[in-house]
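Notes to accompany the following structure.
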Amino acid sequence: MTSVSLYWRIFGLNAVVLGSATALLLWAPVTVSVPVLLTEAVILVGGLVVMLVANAALLRLGLAPLDRVTRLMTTVDLLRPGQRLPVRGGGEVAGLVSAFNAMLERLEGERAASSARAILAQEGERRRIAQELHDEVGQSMTAVLLALKRASDEASEPLREELVQAQEITRGSLDEVRRLVRRLRPGVLDDLGLVSAVTSLTTEFATHTGLRVVRRFDPDLPALDQETELVLYRVAQEGLTNAARHAEARRVEVVLRSAEEGVVLEVADDGRGIGAAREGAGLRGMRERALLIGAALDIRSPDIRNPDIRSPDQDSATGTGTRVRLTVPAVRKQS
């Protein structure tokens with residue numbers, strides 16, 4: 001039905017142009033001789049040009065909504081919800097735009113639902129692996145460590161020195177297993193809450209990377225449900241990881257504050273910025289987690305002159321830094 005209506009729309013535009021041209025020929029004091037005179041040919045060619053220009057202008061005006069739909073189709077990203085086209089006028093073209101907007105809304109809802117299922121399944125698998133590492137591998141390595149300790153106490157030199165070295169290697173491996181368990185499932189998040197979990201995360205991050213980490217946490221953050229706290233923690237974790245791996249930063253600031261729109265998490269570094277680089281799996285994973293709780297995620301490279309994300313000794317040529325901001329709606333209260 002839409003294609004037939006569009007056909008008649010184009011036919012009507014052309015009919016207006018051709019009818020106007022015919023009317024001009026009927027009432028204009030213009031004759032055509034045989035053979036055609038030069039002045040008559042100039043008038044006819046000029047009229048044809050005017051007719052073509054008018055036809056092109058009318059067609060562009062009539063098909064403008066389709067151009068807007070085409071442009072949005074090539075740029076739409078379901079991880080950035082809310083992109084819609086304005087519906088102007090009536091008729092089948094307006095109906096097409098409305099249907100396209102409805103399709104986007106439906107796809108965004110389905111994408112959010114599928115992402116939620118995938119993320120929840122991923123968190124469940126992480127929890128299971130972390131539990132197995134803690135219960136099986138961790139306990140086995142602890143038993144090995146105790147056995148090495150007993151053996152080294154009873155052994156004589158130089159075997160004792162070798163057992164002590166093996167004991168230190170085992171202790172280091174056990175610490176690494178515990179660190180992996182904390183990354184897979186932050187137990188402190190369940191036991192002590194979001195602020196303590198992010199504090200522990202940033203402390204461990206600073207110790208392992210050597211970067212300077214500045215924390216600014218509001219003391220009166222509202223209560224949030226476990227799912228929201230986990231998303232905030234994961235976004236902070238991914239933001240810190242990107243700052244260490246890709247940003248070439250020297251300073252990272254982590255902020256948790258209350259705002260009119262809800263709870264805001266910011267992770268800002270003084271590195272080289274993201275520029276026009278294509279988003280990788282980490283950034284898109286953050287967007288999917290934001291969709292899970294209906295939060296707004298903004299990732300950009302702010303102006304280097306912003307003192308809130310620049311270290312005092314930073315050269316202006318170093319980079320623009322990257323700021324990750326996650327805004328969680330205030331309605332998400334803990335049940």
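We name chains A, B, ... following the order of the structure tokens; residues begin at 1 in each chain, and ligands are numbered from 1 as shown.
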Near-Val267 of chain A list (10 Å; only C-alpha atoms; drop same-chain fewer than 4 positions) as a ChimeraX atom specification: /A:214-215,235-240,243,252-256,299,309,322-326
Residues from the last selection, all heavy atoms, saved as a short mmCIF file (atom, residue, chain, number, x, y, z; two decimals), in the first residue's frame:
data_model
loop_
_atom_site.label_atom_id
_atom_site.label_comp_id
_atom_site.auth_asym_id
_atom_site.auth_seq_id
_atom_site.Cartn_x
_atom_site.Cartn_y
_atom_site.Cartn_z
N VAL A 214 42.43 8.71 42.63
CA VAL A 214 41.76 9.65 43.54
C VAL A 214 40.31 9.24 43.65
O VAL A 214 39.62 9.05 42.65
CB VAL A 214 41.88 11.10 43.01
CG1 VAL A 214 41.14 12.06 43.95
CG2 VAL A 214 43.34 11.50 42.88
N ARG A 215 39.84 9.12 44.90
CA ARG A 215 38.44 8.72 45.14
C ARG A 215 37.68 9.90 45.74
O ARG A 215 38.18 10.59 46.64
CB ARG A 215 38.38 7.53 46.10
CG ARG A 215 38.93 6.24 45.56
CD ARG A 215 38.65 5.11 46.54
NE ARG A 215 39.36 5.28 47.79
CZ ARG A 215 40.51 4.72 48.10
NH1 ARG A 215 41.11 3.93 47.21
NH2 ARG A 215 41.08 4.92 49.26
N VAL A 235 31.07 -1.33 35.80
CA VAL A 235 31.44 -0.20 34.96
C VAL A 235 32.70 0.47 35.52
O VAL A 235 33.60 0.86 34.76
CB VAL A 235 30.27 0.80 34.86
CG1 VAL A 235 30.71 2.09 34.19
CG2 VAL A 235 29.12 0.17 34.08
N ALA A 236 32.77 0.62 36.85
CA ALA A 236 33.99 1.17 37.45
C ALA A 236 35.18 0.27 37.17
O ALA A 236 36.29 0.75 36.85
CB ALA A 236 33.79 1.35 38.95
N GLN A 237 34.98 -1.02 37.26
CA GLN A 237 36.05 -1.98 37.00
C GLN A 237 36.54 -1.89 35.56
O GLN A 237 37.76 -1.85 35.29
CB GLN A 237 35.55 -3.39 37.31
CG GLN A 237 36.59 -4.49 37.23
CD GLN A 237 35.98 -5.84 37.58
OE1 GLN A 237 34.93 -6.22 37.06
NE2 GLN A 237 36.63 -6.57 38.47
N GLU A 238 35.61 -1.82 34.61
CA GLU A 238 35.99 -1.74 33.20
C GLU A 238 36.64 -0.40 32.89
O GLU A 238 37.59 -0.32 32.09
CB GLU A 238 34.76 -1.94 32.32
CG GLU A 238 35.05 -2.01 30.84
CD GLU A 238 35.93 -3.18 30.47
OE1 GLU A 238 35.81 -4.26 31.09
OE2 GLU A 238 36.77 -3.03 29.54
N GLY A 239 36.14 0.69 33.50
CA GLY A 239 36.76 1.99 33.28
C GLY A 239 38.20 2.04 33.76
O GLY A 239 39.08 2.59 33.09
N LEU A 240 38.46 1.45 34.93
CA LEU A 240 39.83 1.40 35.44
C LEU A 240 40.71 0.52 34.56
O LEU A 240 41.88 0.85 34.29
CB LEU A 240 39.82 0.87 36.88
CG LEU A 240 39.22 1.79 37.94
CD1 LEU A 240 39.08 1.07 39.26
CD2 LEU A 240 40.08 3.04 38.11
N ALA A 243 41.67 2.40 31.47
CA ALA A 243 42.66 3.44 31.78
C ALA A 243 44.06 2.85 31.89
O ALA A 243 45.05 3.46 31.47
CB ALA A 243 42.28 4.16 33.06
N VAL A 252 43.92 8.61 37.71
CA VAL A 252 42.53 8.23 37.49
C VAL A 252 41.72 8.71 38.68
O VAL A 252 42.14 8.58 39.83
CB VAL A 252 42.36 6.70 37.32
CG1 VAL A 252 40.91 6.36 37.01
CG2 VAL A 252 43.28 6.17 36.24
N GLU A 253 40.57 9.28 38.39
CA GLU A 253 39.67 9.74 39.44
C GLU A 253 38.36 8.97 39.35
O GLU A 253 37.78 8.84 38.27
CB GLU A 253 39.40 11.23 39.29
CG GLU A 253 38.55 11.79 40.44
CD GLU A 253 38.38 13.29 40.36
OE1 GLU A 253 38.33 13.83 39.24
OE2 GLU A 253 38.30 13.93 41.42
N VAL A 254 37.92 8.46 40.49
CA VAL A 254 36.68 7.70 40.58
C VAL A 254 35.74 8.46 41.51
O VAL A 254 36.10 8.77 42.65
CB VAL A 254 36.91 6.27 41.10
CG1 VAL A 254 35.59 5.50 41.15
CG2 VAL A 254 37.91 5.54 40.21
N VAL A 255 34.55 8.77 41.00
CA VAL A 255 33.58 9.59 41.75
C VAL A 255 32.28 8.82 41.86
O VAL A 255 31.79 8.24 40.88
CB VAL A 255 33.34 10.94 41.03
CG1 VAL A 255 32.30 11.76 41.80
CG2 VAL A 255 34.64 11.71 40.90
N LEU A 256 31.72 8.81 43.04
CA LEU A 256 30.36 8.30 43.30
C LEU A 256 29.62 9.40 44.04
O LEU A 256 29.99 9.77 45.15
CB LEU A 256 30.39 7.03 44.15
CG LEU A 256 30.44 5.68 43.43
CD1 LEU A 256 30.63 4.56 44.45
CD2 LEU A 256 29.18 5.45 42.61
N ILE A 299 30.35 8.33 27.36
CA ILE A 299 31.79 8.12 27.27
C ILE A 299 32.34 9.14 26.29
O ILE A 299 31.94 9.18 25.13
CB ILE A 299 32.12 6.70 26.78
CG1 ILE A 299 31.46 5.65 27.68
CG2 ILE A 299 33.63 6.49 26.73
CD1 ILE A 299 31.59 4.23 27.17
N ILE A 309 40.02 16.49 35.77
CA ILE A 309 40.53 15.20 35.30
C ILE A 309 41.98 15.29 34.85
O ILE A 309 42.50 14.38 34.23
CB ILE A 309 39.68 14.67 34.12
CG1 ILE A 309 39.77 15.62 32.93
CG2 ILE A 309 38.25 14.49 34.53
CD1 ILE A 309 39.19 15.04 31.68
N THR A 322 39.85 10.55 29.18
CA THR A 322 38.57 9.90 28.91
C THR A 322 37.74 9.94 30.18
O THR A 322 38.25 9.68 31.27
CB THR A 322 38.79 8.44 28.47
OG1 THR A 322 39.59 8.41 27.29
CG2 THR A 322 37.45 7.77 28.17
N ARG A 323 36.47 10.24 30.03
CA ARG A 323 35.55 10.25 31.16
C ARG A 323 34.39 9.32 30.86
O ARG A 323 33.71 9.45 29.84
CB ARG A 323 35.02 11.66 31.42
CG ARG A 323 34.15 11.74 32.70
CD ARG A 323 33.35 13.02 32.73
NE ARG A 323 32.36 13.03 31.64
CZ ARG A 323 31.73 14.11 31.25
NH1 ARG A 323 31.99 15.26 31.79
NH2 ARG A 323 30.83 14.04 30.26
N VAL A 324 34.18 8.38 31.76
CA VAL A 324 33.04 7.47 31.70
C VAL A 324 32.06 7.90 32.79
O VAL A 324 32.42 7.95 33.97
CB VAL A 324 33.48 6.01 31.91
CG1 VAL A 324 32.27 5.08 31.92
CG2 VAL A 324 34.46 5.58 30.82
N ARG A 325 30.85 8.23 32.40
CA ARG A 325 29.84 8.66 33.37
C ARG A 325 28.60 7.78 33.23
O ARG A 325 28.02 7.66 32.15
CB ARG A 325 29.45 10.12 33.16
CG ARG A 325 28.28 10.58 34.05
CD ARG A 325 27.87 12.00 33.77
NE ARG A 325 28.89 12.94 34.23
CZ ARG A 325 28.85 14.24 34.00
NH1 ARG A 325 27.85 14.75 33.27
NH2 ARG A 325 29.79 15.04 34.46
N LEU A 326 28.23 7.17 34.34
CA LEU A 326 27.04 6.33 34.39
C LEU A 326 26.05 6.97 35.36
O LEU A 326 26.39 7.18 36.53
CB LEU A 326 27.38 4.91 34.85
CG LEU A 326 26.21 3.93 34.94
CD1 LEU A 326 25.69 3.58 33.56
CD2 LEU A 326 26.62 2.65 35.67
#
Long-range neighbours of segment 182-192 of chain A as a ChimeraX atom specification, 12 Å cut-off, only C-alpha atoms, 6 positions minimum in chain: /A:122-134,175-176,198-202,204-205,224-234,236-238,241
12 Å contact set for Ala54 of chain A, only C-alpha atoms, chain neighbours under 2 positions out, as a ChimeraX atom specification: /A:13-18,20-21,47-52,56-61
Atoms to include: all heavy atoms. Write the selected residues as a compact mmCIF listing (two decimals), in the first residue's frame.
# COMPACT_ATOMS: atom_id res chain seq x y z
N LEU A 13 3.32 15.18 -8.05
CA LEU A 13 4.34 16.23 -8.13
C LEU A 13 4.71 16.50 -9.59
O LEU A 13 4.83 17.66 -10.02
CB LEU A 13 5.57 15.84 -7.31
CG LEU A 13 5.38 15.78 -5.79
CD1 LEU A 13 6.63 15.22 -5.13
CD2 LEU A 13 5.05 17.15 -5.23
N ASN A 14 4.91 15.43 -10.33
CA ASN A 14 5.23 15.61 -11.75
C ASN A 14 4.07 16.25 -12.52
O ASN A 14 4.27 17.06 -13.42
CB ASN A 14 5.60 14.27 -12.38
CG ASN A 14 6.96 13.78 -11.94
OD1 ASN A 14 7.87 14.58 -11.74
ND2 ASN A 14 7.11 12.48 -11.79
N ALA A 15 2.84 15.87 -12.16
CA ALA A 15 1.67 16.44 -12.83
C ALA A 15 1.56 17.93 -12.58
O ALA A 15 1.18 18.70 -13.47
CB ALA A 15 0.40 15.73 -12.34
N VAL A 16 1.92 18.36 -11.35
CA VAL A 16 1.90 19.80 -11.05
C VAL A 16 2.89 20.54 -11.93
O VAL A 16 2.58 21.60 -12.51
CB VAL A 16 2.20 20.03 -9.56
CG1 VAL A 16 2.44 21.52 -9.28
CG2 VAL A 16 1.06 19.53 -8.69
N VAL A 17 4.09 19.99 -12.07
CA VAL A 17 5.12 20.65 -12.87
C VAL A 17 4.71 20.68 -14.34
O VAL A 17 4.77 21.73 -15.01
CB VAL A 17 6.48 19.94 -12.68
CG1 VAL A 17 7.52 20.54 -13.63
CG2 VAL A 17 6.93 20.08 -11.24
N LEU A 18 4.28 19.54 -14.86
CA LEU A 18 3.91 19.48 -16.28
C LEU A 18 2.67 20.33 -16.57
O LEU A 18 2.56 20.97 -17.63
CB LEU A 18 3.66 18.03 -16.68
CG LEU A 18 4.90 17.12 -16.66
CD1 LEU A 18 4.50 15.68 -16.98
CD2 LEU A 18 5.94 17.61 -17.66
N SER A 20 1.77 23.04 -14.96
CA SER A 20 2.19 24.45 -14.93
C SER A 20 2.90 24.83 -16.22
O SER A 20 2.66 25.92 -16.79
CB SER A 20 3.10 24.69 -13.72
OG SER A 20 2.44 24.39 -12.51
N ALA A 21 3.74 23.93 -16.71
CA ALA A 21 4.44 24.21 -17.96
C ALA A 21 3.47 24.30 -19.14
O ALA A 21 3.59 25.17 -20.02
CB ALA A 21 5.49 23.13 -18.22
N GLY A 47 12.70 27.02 -20.61
CA GLY A 47 11.51 26.49 -19.94
C GLY A 47 11.72 25.08 -19.45
O GLY A 47 11.25 24.70 -18.37
N LEU A 48 12.41 24.26 -20.27
CA LEU A 48 12.70 22.88 -19.84
C LEU A 48 13.56 22.85 -18.59
O LEU A 48 13.34 22.07 -17.66
CB LEU A 48 13.37 22.12 -20.98
CG LEU A 48 13.82 20.68 -20.67
CD1 LEU A 48 12.60 19.81 -20.32
CD2 LEU A 48 14.60 20.08 -21.83
N VAL A 49 14.59 23.72 -18.55
CA VAL A 49 15.47 23.77 -17.38
C VAL A 49 14.69 24.18 -16.13
O VAL A 49 14.83 23.58 -15.06
CB VAL A 49 16.64 24.74 -17.65
CG1 VAL A 49 17.44 24.97 -16.36
CG2 VAL A 49 17.53 24.20 -18.74
N VAL A 50 13.85 25.21 -16.28
CA VAL A 50 13.03 25.64 -15.14
C VAL A 50 12.12 24.52 -14.68
O VAL A 50 11.94 24.28 -13.47
CB VAL A 50 12.22 26.90 -15.53
CG1 VAL A 50 11.20 27.23 -14.44
CG2 VAL A 50 13.15 28.07 -15.77
N MET A 51 11.54 23.79 -15.63
CA MET A 51 10.64 22.69 -15.27
C MET A 51 11.38 21.58 -14.53
O MET A 51 10.89 21.03 -13.54
CB MET A 51 10.00 22.14 -16.55
CG MET A 51 8.96 21.06 -16.31
SD MET A 51 8.12 20.57 -17.83
CE MET A 51 9.51 20.00 -18.81
N LEU A 52 12.59 21.24 -15.01
CA LEU A 52 13.37 20.19 -14.35
C LEU A 52 13.79 20.61 -12.94
O LEU A 52 13.74 19.80 -12.00
CB LEU A 52 14.60 19.86 -15.18
CG LEU A 52 14.34 19.16 -16.53
CD1 LEU A 52 15.64 18.97 -17.29
CD2 LEU A 52 13.65 17.82 -16.32
N ALA A 56 12.69 18.75 -9.56
CA ALA A 56 13.67 18.22 -8.61
C ALA A 56 13.41 18.77 -7.21
O ALA A 56 13.50 18.03 -6.21
CB ALA A 56 15.09 18.58 -9.07
N ALA A 57 13.10 20.07 -7.11
CA ALA A 57 12.85 20.66 -5.80
C ALA A 57 11.62 20.05 -5.13
O ALA A 57 11.62 19.74 -3.94
CB ALA A 57 12.69 22.18 -5.94
N LEU A 58 10.57 19.87 -5.90
CA LEU A 58 9.35 19.29 -5.35
C LEU A 58 9.55 17.83 -4.93
O LEU A 58 9.04 17.39 -3.89
CB LEU A 58 8.21 19.41 -6.35
CG LEU A 58 7.68 20.82 -6.61
CD1 LEU A 58 6.64 20.81 -7.72
CD2 LEU A 58 7.07 21.40 -5.33
N LEU A 59 10.29 17.08 -5.73
CA LEU A 59 10.56 15.68 -5.37
C LEU A 59 11.40 15.59 -4.10
O LEU A 59 11.17 14.73 -3.25
CB LEU A 59 11.27 14.97 -6.53
CG LEU A 59 10.39 14.57 -7.72
CD1 LEU A 59 11.24 13.96 -8.82
CD2 LEU A 59 9.29 13.61 -7.29
N ARG A 60 12.41 16.45 -3.99
CA ARG A 60 13.24 16.44 -2.77
C ARG A 60 12.39 16.77 -1.55
O ARG A 60 12.55 16.15 -0.49
CB ARG A 60 14.39 17.43 -2.91
CG ARG A 60 15.27 17.52 -1.66
CD ARG A 60 16.51 18.35 -1.92
NE ARG A 60 17.38 17.69 -2.88
CZ ARG A 60 18.27 16.75 -2.56
NH1 ARG A 60 18.38 16.34 -1.30
NH2 ARG A 60 19.03 16.21 -3.48
N LEU A 61 11.50 17.73 -1.70
CA LEU A 61 10.63 18.10 -0.58
C LEU A 61 9.67 16.95 -0.24
O LEU A 61 9.44 16.64 0.93
CB LEU A 61 9.84 19.36 -0.94
CG LEU A 61 8.88 19.89 0.14
CD1 LEU A 61 9.66 20.31 1.37
CD2 LEU A 61 8.06 21.05 -0.42
Spatial neighbours of Val144 of chain A, max dist 9 Å, only C-alpha atoms, sep filter under 5 positions, as a list of chain:residue names: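 Counting only the stated atoms, we get A:Gln139, A:Lys149, A:Gln167, A:Thr170.
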Selection to disk with all heavy atoms, as a PDB file, in the first residue's frame:
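Everything below was put into selection-v6.pdb:
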ATOM      1  N   GLN A 139      41.513 -23.932  48.377  1.00  0.00           N
ATOM      2  CA  GLN A 139      41.747 -24.820  49.509  1.00  0.00           C
ATOM      3  C   GLN A 139      42.876 -25.810  49.228  1.00  0.00           C
ATOM      4  O   GLN A 139      43.676 -26.121  50.115  1.00  0.00           O
ATOM      5  CB  GLN A 139      40.457 -25.557  49.855  1.00  0.00           C
ATOM      6  CG  GLN A 139      39.375 -24.653  50.428  1.00  0.00           C
ATOM      7  CD  GLN A 139      38.138 -25.412  50.831  1.00  0.00           C
ATOM      8  OE1 GLN A 139      38.122 -26.644  50.823  1.00  0.00           O
ATOM      9  NE2 GLN A 139      37.091 -24.684  51.178  1.00  0.00           N
ATOM     10  N   LYS A 149      55.189 -25.863  54.378  1.00  0.00           N
ATOM     11  CA  LYS A 149      55.672 -25.250  55.622  1.00  0.00           C
ATOM     12  C   LYS A 149      56.153 -26.311  56.598  1.00  0.00           C
ATOM     13  O   LYS A 149      57.250 -26.185  57.205  1.00  0.00           O
ATOM     14  CB  LYS A 149      54.539 -24.436  56.241  1.00  0.00           C
ATOM     15  CG  LYS A 149      54.892 -23.767  57.565  1.00  0.00           C
ATOM     16  CD  LYS A 149      55.962 -22.705  57.390  1.00  0.00           C
ATOM     17  CE  LYS A 149      56.124 -21.882  58.678  1.00  0.00           C
ATOM     18  NZ  LYS A 149      56.485 -22.691  59.850  1.00  0.00           N
ATOM     19  N   GLN A 167      57.443 -22.618  48.689  1.00  0.00           N
ATOM     20  CA  GLN A 167      56.373 -22.074  49.523  1.00  0.00           C
ATOM     21  C   GLN A 167      56.010 -20.651  49.100  1.00  0.00           C
ATOM     22  O   GLN A 167      54.811 -20.302  49.020  1.00  0.00           O
ATOM     23  CB  GLN A 167      56.844 -22.084  50.984  1.00  0.00           C
ATOM     24  CG  GLN A 167      55.775 -21.727  51.991  1.00  0.00           C
ATOM     25  CD  GLN A 167      56.305 -21.829  53.415  1.00  0.00           C
ATOM     26  OE1 GLN A 167      57.383 -22.360  53.662  1.00  0.00           O
ATOM     27  NE2 GLN A 167      55.529 -21.314  54.347  1.00  0.00           N
ATOM     28  N   THR A 170      54.075 -20.773  45.818  1.00  0.00           N
ATOM     29  CA  THR A 170      52.706 -21.214  46.065  1.00  0.00           C
ATOM     30  C   THR A 170      51.879 -20.110  46.706  1.00  0.00           C
ATOM     31  O   THR A 170      50.709 -19.909  46.348  1.00  0.00           O
ATOM     32  CB  THR A 170      52.711 -22.451  46.978  1.00  0.00           C
ATOM     33  OG1 THR A 170      53.525 -23.476  46.388  1.00  0.00           O
ATOM     34  CG2 THR A 170      51.294 -22.978  47.168  1.00  0.00           C
TER      35      THR A 170
END
In segment 133-232 of chain A, DSSP strand (DSSP E or B) residues written as a list in words: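 Here is the list: Arg212, Val213, Val214, Arg215, Arg216 and Phe217 of chain A.
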Using only all heavy atoms, please write the residues we just selected to a file, as a PDB file, in the first residue's frame.
ATOM      1  N   ARG A 212      48.096   6.654  40.010  1.00  0.00           N
ATOM      2  CA  ARG A 212      47.517   7.409  41.106  1.00  0.00           C
ATOM      3  C   ARG A 212      46.000   7.409  40.969  1.00  0.00           C
ATOM      4  O   ARG A 212      45.474   7.792  39.928  1.00  0.00           O
ATOM      5  CB  ARG A 212      48.047   8.841  41.100  1.00  0.00           C
ATOM      6  CG  ARG A 212      47.483   9.706  42.220  1.00  0.00           C
ATOM      7  CD  ARG A 212      47.889  11.151  42.030  1.00  0.00           C
ATOM      8  NE  ARG A 212      47.230  12.020  42.990  1.00  0.00           N
ATOM      9  CZ  ARG A 212      47.127  13.323  42.884  1.00  0.00           C
ATOM     10  NH1 ARG A 212      47.644  13.935  41.817  1.00  0.00           N
ATOM     11  NH2 ARG A 212      46.520  14.042  43.796  1.00  0.00           N
ATOM     12  N   VAL A 213      45.326   6.963  42.009  1.00  0.00           N
ATOM     13  CA  VAL A 213      43.869   6.882  41.993  1.00  0.00           C
ATOM     14  C   VAL A 213      43.317   7.822  43.058  1.00  0.00           C
ATOM     15  O   VAL A 213      43.706   7.753  44.225  1.00  0.00           O
ATOM     16  CB  VAL A 213      43.378   5.445  42.248  1.00  0.00           C
ATOM     17  CG1 VAL A 213      41.851   5.393  42.236  1.00  0.00           C
ATOM     18  CG2 VAL A 213      43.940   4.501  41.192  1.00  0.00           C
ATOM     19  N   VAL A 214      42.429   8.708  42.632  1.00  0.00           N
ATOM     20  CA  VAL A 214      41.764   9.646  43.535  1.00  0.00           C
ATOM     21  C   VAL A 214      40.309   9.240  43.655  1.00  0.00           C
ATOM     22  O   VAL A 214      39.621   9.050  42.646  1.00  0.00           O
ATOM     23  CB  VAL A 214      41.876  11.101  43.015  1.00  0.00           C
ATOM     24  CG1 VAL A 214      41.139  12.057  43.946  1.00  0.00           C
ATOM     25  CG2 VAL A 214      43.340  11.499  42.884  1.00  0.00           C
ATOM     26  N   ARG A 215      39.838   9.125  44.899  1.00  0.00           N
ATOM     27  CA  ARG A 215      38.444   8.724  45.142  1.00  0.00           C
ATOM     28  C   ARG A 215      37.676   9.898  45.745  1.00  0.00           C
ATOM     29  O   ARG A 215      38.177  10.591  46.638  1.00  0.00           O
ATOM     30  CB  ARG A 215      38.378   7.532  46.105  1.00  0.00           C
ATOM     31  CG  ARG A 215      38.930   6.240  45.563  1.00  0.00           C
ATOM     32  CD  ARG A 215      38.650   5.107  46.535  1.00  0.00           C
ATOM     33  NE  ARG A 215      39.359   5.284  47.794  1.00  0.00           N
ATOM     34  CZ  ARG A 215      40.515   4.715  48.095  1.00  0.00           C
ATOM     35  NH1 ARG A 215      41.112   3.928  47.209  1.00  0.00           N
ATOM     36  NH2 ARG A 215      41.080   4.924  49.255  1.00  0.00           N
ATOM     37  N   ARG A 216      36.476  10.085  45.242  1.00  0.00           N
ATOM     38  CA  ARG A 216      35.567  11.087  45.815  1.00  0.00           C
ATOM     39  C   ARG A 216      34.176  10.460  45.904  1.00  0.00           C
ATOM     40  O   ARG A 216      33.472  10.345  44.895  1.00  0.00           O
ATOM     41  CB  ARG A 216      35.537  12.367  44.973  1.00  0.00           C
ATOM     42  CG  ARG A 216      36.814  13.160  45.021  1.00  0.00           C
ATOM     43  CD  ARG A 216      36.640  14.594  44.537  1.00  0.00           C
ATOM     44  NE  ARG A 216      36.356  14.684  43.118  1.00  0.00           N
ATOM     45  CZ  ARG A 216      35.232  15.155  42.604  1.00  0.00           C
ATOM     46  NH1 ARG A 216      34.251  15.548  43.399  1.00  0.00           N
ATOM     47  NH2 ARG A 216      35.067  15.207  41.287  1.00  0.00           N
ATOM     48  N   PHE A 217      33.802  10.023  47.097  1.00  0.00           N
ATOM     49  CA  PHE A 217      32.537   9.342  47.316  1.00  0.00           C
ATOM     50  C   PHE A 217      31.664  10.174  48.250  1.00  0.00           C
ATOM     51  O   PHE A 217      32.118  10.605  49.311  1.00  0.00           O
ATOM     52  CB  PHE A 217      32.737   7.953  47.941  1.00  0.00           C
ATOM     53  CG  PHE A 217      33.549   7.008  47.092  1.00  0.00           C
ATOM     54  CD1 PHE A 217      34.198   5.929  47.663  1.00  0.00           C
ATOM     55  CD2 PHE A 217      33.674   7.202  45.724  1.00  0.00           C
ATOM     56  CE1 PHE A 217      34.946   5.058  46.883  1.00  0.00           C
ATOM     57  CE2 PHE A 217      34.417   6.344  44.942  1.00  0.00           C
ATOM     58  CZ  PHE A 217      35.054   5.273  45.520  1.00  0.00           C
TER      59      PHE A 217
END
Among listed residues A:Leu146, A:Leu96, A:Leu104, A:Val328, nearest Arg80 of chain A (using only C-alpha atoms):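 Going through A:Leu146, A:Leu96, A:Leu104, A:Val328 one by one, the smallest distance to Arg80 of chain A is for A:Leu104.
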Distance query Leu107 of chain A at most 12 Å, only C-alpha atoms, self and fewer than 2 positions along chain excluded, as a PyMOL selection string: chain A and resi 76-83+100-105+109-115
Serialized selection, N, CA and C atoms, as a short mmCIF file (atom, residue, chain, number, x, y, z; two decimals), in the first residue's frame:
data_model
loop_
_atom_site.label_atom_id
_atom_site.label_comp_id
_atom_site.auth_asym_id
_atom_site.auth_seq_id
_atom_site.Cartn_x
_atom_site.Cartn_y
_atom_site.Cartn_z
N VAL A 76 21.83 4.12 13.21
CA VAL A 76 21.19 3.76 14.46
C VAL A 76 22.01 2.70 15.20
N ASP A 77 22.07 2.84 16.52
CA ASP A 77 22.78 1.90 17.38
C ASP A 77 21.83 1.57 18.53
N LEU A 78 21.47 0.30 18.65
CA LEU A 78 20.52 -0.09 19.68
C LEU A 78 21.07 0.05 21.08
N LEU A 79 22.40 0.21 21.22
CA LEU A 79 22.98 0.45 22.54
C LEU A 79 22.89 1.91 22.94
N ARG A 80 22.42 2.75 22.02
CA ARG A 80 22.16 4.16 22.33
C ARG A 80 20.68 4.43 22.07
N PRO A 81 19.83 4.04 23.00
CA PRO A 81 18.38 4.13 22.76
C PRO A 81 17.90 5.57 22.70
N GLY A 82 16.71 5.74 22.15
CA GLY A 82 16.09 7.05 22.11
C GLY A 82 16.18 7.77 20.78
N GLN A 83 16.85 7.18 19.79
CA GLN A 83 16.96 7.83 18.49
C GLN A 83 15.63 7.66 17.74
N PHE A 100 8.53 3.07 11.57
CA PHE A 100 9.97 2.90 11.79
C PHE A 100 10.33 3.21 13.24
N ASN A 101 9.76 4.29 13.79
CA ASN A 101 10.01 4.62 15.19
C ASN A 101 9.51 3.52 16.12
N ALA A 102 8.34 2.96 15.81
CA ALA A 102 7.81 1.86 16.62
C ALA A 102 8.70 0.63 16.52
N MET A 103 9.25 0.38 15.33
CA MET A 103 10.15 -0.76 15.17
C MET A 103 11.42 -0.56 16.00
N LEU A 104 11.97 0.67 16.00
CA LEU A 104 13.15 0.96 16.82
C LEU A 104 12.87 0.72 18.30
N GLU A 105 11.70 1.18 18.74
CA GLU A 105 11.36 0.99 20.16
C GLU A 105 11.25 -0.48 20.50
N GLY A 109 13.77 -2.63 23.01
CA GLY A 109 13.26 -3.43 24.12
C GLY A 109 13.75 -4.87 24.05
N GLU A 110 13.72 -5.44 22.84
CA GLU A 110 14.19 -6.82 22.69
C GLU A 110 15.69 -6.93 22.93
N ARG A 111 16.45 -5.92 22.46
CA ARG A 111 17.90 -5.94 22.69
C ARG A 111 18.20 -5.82 24.18
N ALA A 112 17.47 -4.94 24.88
CA ALA A 112 17.69 -4.79 26.31
C ALA A 112 17.37 -6.09 27.05
N ALA A 113 16.29 -6.75 26.64
CA ALA A 113 15.89 -8.00 27.30
C ALA A 113 16.93 -9.11 27.04
N SER A 114 17.39 -9.22 25.79
CA SER A 114 18.38 -10.26 25.48
C SER A 114 19.71 -9.97 26.16
N SER A 115 20.10 -8.68 26.21
CA SER A 115 21.33 -8.32 26.91
C SER A 115 21.23 -8.64 28.39
#
Shell of 12 Å around Arg150 of chain A, only C-alpha atoms, local chain residues under 5 positions omitted, as a list of chain:residue names: A:Ala143, A:Val144, A:Leu145, A:Ala155, A:Arg160, A:Leu163, A:Val164, A:Gln167
Alpha helix (DSSP H) positions in segment 122-154 of chain A, given as a ChimeraX atom specification: /A:122-132,139-154
Best match for closeness to Val195 of chain A among A:Arg84, A:Arg272, A:Arg257, A:His246, counting only C-alpha atoms: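 Smallest distance to Val195 of chain A is found for A:Arg257.
Counting only C-alpha atoms and comparing A:Ala249, A:Glu162, A:Ala116, A:Gly262, the residue that lies closest to Ala290 of chain A is A:Ala116.
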Length of the atom CA of Ala118 of chain A to atom CA of Arg106 of chain A vector [Å]: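 According to the coordinates, atom CA of Ala118 of chain A and atom CA of Arg106 of chain A are separated by 18.4 Å.
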